[in-house]
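A.B. asks: Pasting a structure here, questions to come.
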Amino acid sequence: MQNAEPAAGPDGKNQAGELKAEADKLKAKADELKARAEEMEAKALALKSQADELKARAEGIKARIAEQVRGDSREHAALTHEDSIVEPDEELRSGRTAFGAVLAEMAAEERYQDIKTVRTATGLLFVYSDTYITADDAAAKSLVEEAKFVLASAIRADSRDNVKLTSVGTLYALAPDADPAITDALLELMPAEARFADIKKVTASNGNVYYHSDRYLVGSYAVTLLLAMSGDHCATIAETVREESRIYPRTTNAAIFREQQVYGIPPADLEAIITDTLRRPEYADLRRIVHPATGAVHLYSGRFISDDRAWAMMDWEEVGRADNP
């Protein structure tokens, strides 16, 4: 008679279930660790790729700086100002890559050992190649560049903050011990350089020379200021009216010559000056109209605006704009 195997008891079944559950947990943990390892490896590869990209970008920036600086030094015997390097490069301009850090890296590399810097007393930074410019020459040139910067800063400050032209006498006074001819020479050279391209020269009819920055004072307004400074009130009115008629175009409310001191016209004399201006043959294109409702006096140039259009423009400014907000 064959003996039957004893059936597994409840404890045996429980042990098998527990072992299987534990094995499943360990497998899940192993899968999780594997997934994390793969994720970390992917992140490491991404970081390496980013690092390689940043390194390549940095190498490109260094190569461009060296090329520009060596070119300026070799072809023009000129220092390269920090701004002329930073402004055209989006990486440097945005600050994502620090210019000082790039220069420090270049100083430590054999292939860039000729790239040197010189900083002026006012903090301006210039870069040059000592293959073409000696350290002594660079120091001397930096003083000249600093003088240009001081002149440009004074002109820009007058244009921006004071809305006025800068007389050449004012610029001479910045360096009272220097020969004015040196200042004249620097001023003549500056507009040819990109960083000083905004500096413009205007000459009055009496020969007086003034400068302005067209970042803040456009040429037409500078001419108006020049006329105002010369005291030729009729010419000031005529040129202002012609410019507004030509550019915008629009009529000119005569009240602006009374209200805005920049024109230099005595308010009490305005009516007589307008009358005198309209009588002169050289200003025969100018017209005067008066709004019937407001009594406002408007001027315009018949060269650029027809009589009918001028009347419509004046009416819109005086009453139409207020009625149609």
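Each chain in the structure tokens gets a letter, A, B and so on, in the order shown; residues start at 1 in every chain, and ligands are counted from 1 in the order they appear.
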Run DSSP on the backbone and grab whatever in region 51-229 of chain A lands in strand (DSSP E or B); send it over as a ChimeraX atom specification.

C.D. replies: /A:80-81,115-119,125-129,166-167,199-203,209-213

A.B. asks: Can you list every residue of region 160-223 of chain A that has an atom at most 8 Å from region 150-153 of chain A, with its nearest atom pair and the distance in Å to one decimal, using only C-alpha atoms, ordered by chain then number, as a tab-separated table?

C.D. replies:
residue	atom	partner	partner_atom	distance
A:Leu171	CA	A:Leu151	CA	6.6
A:Leu174	CA	A:Leu151	CA	7.9
A:Leu187	CA	A:Leu151	CA	7.9
A:Phe196	CA	A:Ala152	CA	7.1
A:Ile199	CA	A:Ala152	CA	7.0

A.B. asks: Need to verify the contact set: Arg288 (chain A), 8 Å, only C-alpha atoms, exclusion of same-chain residues closer than 4 positions in sequence. Can you return it as a list in words?

C.D. replies: Val297, His298, Leu299 and Tyr300 of chain A

A.B. asks: Figure out the distance between CA of Thr170 (chain A) and CA of Gly207 (chain A), please, to one decimal in Å.

C.D. replies: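 Separation of CA of Gly207 (chain A) and CA of Thr170 (chain A): 15.6 Å.
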
A.B. asks: Step one, run DSSP on the backbone; step two, keep only residues of region 248-310 of chain A assigned to helix (DSSP H, G or I); then write them as a VMD selection string.

C.D. replies: chain A and resid 255 to 259 261 to 263 267 to 279 281 to 283 307 to 310

A.B. asks: Emit the selected residues as a PDB file, in the first residue's frame, including C-alpha atoms.

C.D. replies:
ATOM      1  CA  ALA A 255       2.812 129.234 -27.201  1.00  0.00           C
ATOM      2  CA  ILE A 256       5.713 126.749 -27.007  1.00  0.00           C
ATOM      3  CA  PHE A 257       8.147 129.585 -27.701  1.00  0.00           C
ATOM      4  CA  ARG A 258       6.782 131.404 -24.682  1.00  0.00           C
ATOM      5  CA  GLU A 259       6.485 128.407 -22.363  1.00  0.00           C
ATOM      6  CA  GLN A 261      12.751 128.514 -21.972  1.00  0.00           C
ATOM      7  CA  VAL A 262      15.046 126.410 -24.131  1.00  0.00           C
ATOM      8  CA  TYR A 263      14.228 128.676 -27.088  1.00  0.00           C
ATOM      9  CA  PRO A 267       7.852 136.004 -23.623  1.00  0.00           C
ATOM     10  CA  ALA A 268       6.948 139.696 -23.795  1.00  0.00           C
ATOM     11  CA  ASP A 269       8.641 140.023 -27.194  1.00  0.00           C
ATOM     12  CA  LEU A 270       7.202 136.889 -28.789  1.00  0.00           C
ATOM     13  CA  GLU A 271       4.382 138.517 -30.776  1.00  0.00           C
ATOM     14  CA  ALA A 272       6.690 141.158 -32.229  1.00  0.00           C
ATOM     15  CA  ILE A 273       9.306 138.521 -33.107  1.00  0.00           C
ATOM     16  CA  ILE A 274       6.710 136.336 -34.869  1.00  0.00           C
ATOM     17  CA  THR A 275       5.511 139.343 -36.854  1.00  0.00           C
ATOM     18  CA  ASP A 276       9.080 140.227 -37.789  1.00  0.00           C
ATOM     19  CA  THR A 277       9.771 136.624 -38.829  1.00  0.00           C
ATOM     20  CA  LEU A 278       6.728 136.477 -41.118  1.00  0.00           C
ATOM     21  CA  ARG A 279       7.759 139.740 -42.826  1.00  0.00           C
ATOM     22  CA  PRO A 281      11.591 137.237 -47.372  1.00  0.00           C
ATOM     23  CA  GLU A 282      13.820 134.314 -46.337  1.00  0.00           C
ATOM     24  CA  TYR A 283      10.885 132.992 -44.295  1.00  0.00           C
ATOM     25  CA  ASP A 307      -3.422 125.627 -45.977  1.00  0.00           C
ATOM     26  CA  ASP A 308      -6.479 123.355 -45.690  1.00  0.00           C
ATOM     27  CA  ARG A 309      -4.521 120.620 -43.993  1.00  0.00           C
ATOM     28  CA  ALA A 310      -2.907 123.074 -41.599  1.00  0.00           C
TER      29      ALA A 310
END

A.B. asks: Which residue, A:Ser49, A:Ser159, A:Ser167, A:Thr183, has the smallest gap to Val209 (chain A) when you use only C-alpha atoms?

C.D. replies: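 Checking each candidate against Val209 (chain A), we get A:Ser167 as the closest.
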
A.B. asks: Compile the contact shell of Gly295 (chain A) as a PyMOL selection string: residues with an atom at most 12 Å away, counting only C-alpha atoms, same-chain residues fewer than 3 positions apart removed.

C.D. replies: chain A and resi 253-255+289-292+298+314-315+318-319

A.B. asks: Could you name the residues that touch Arg303 (chain A) at 10 Å or less, counting only C-alpha atoms, but leaving out those on the same chain fewer than 6 positions away, as a PyMOL selection string?

C.D. replies: chain A and resi 242+245-246+284-286
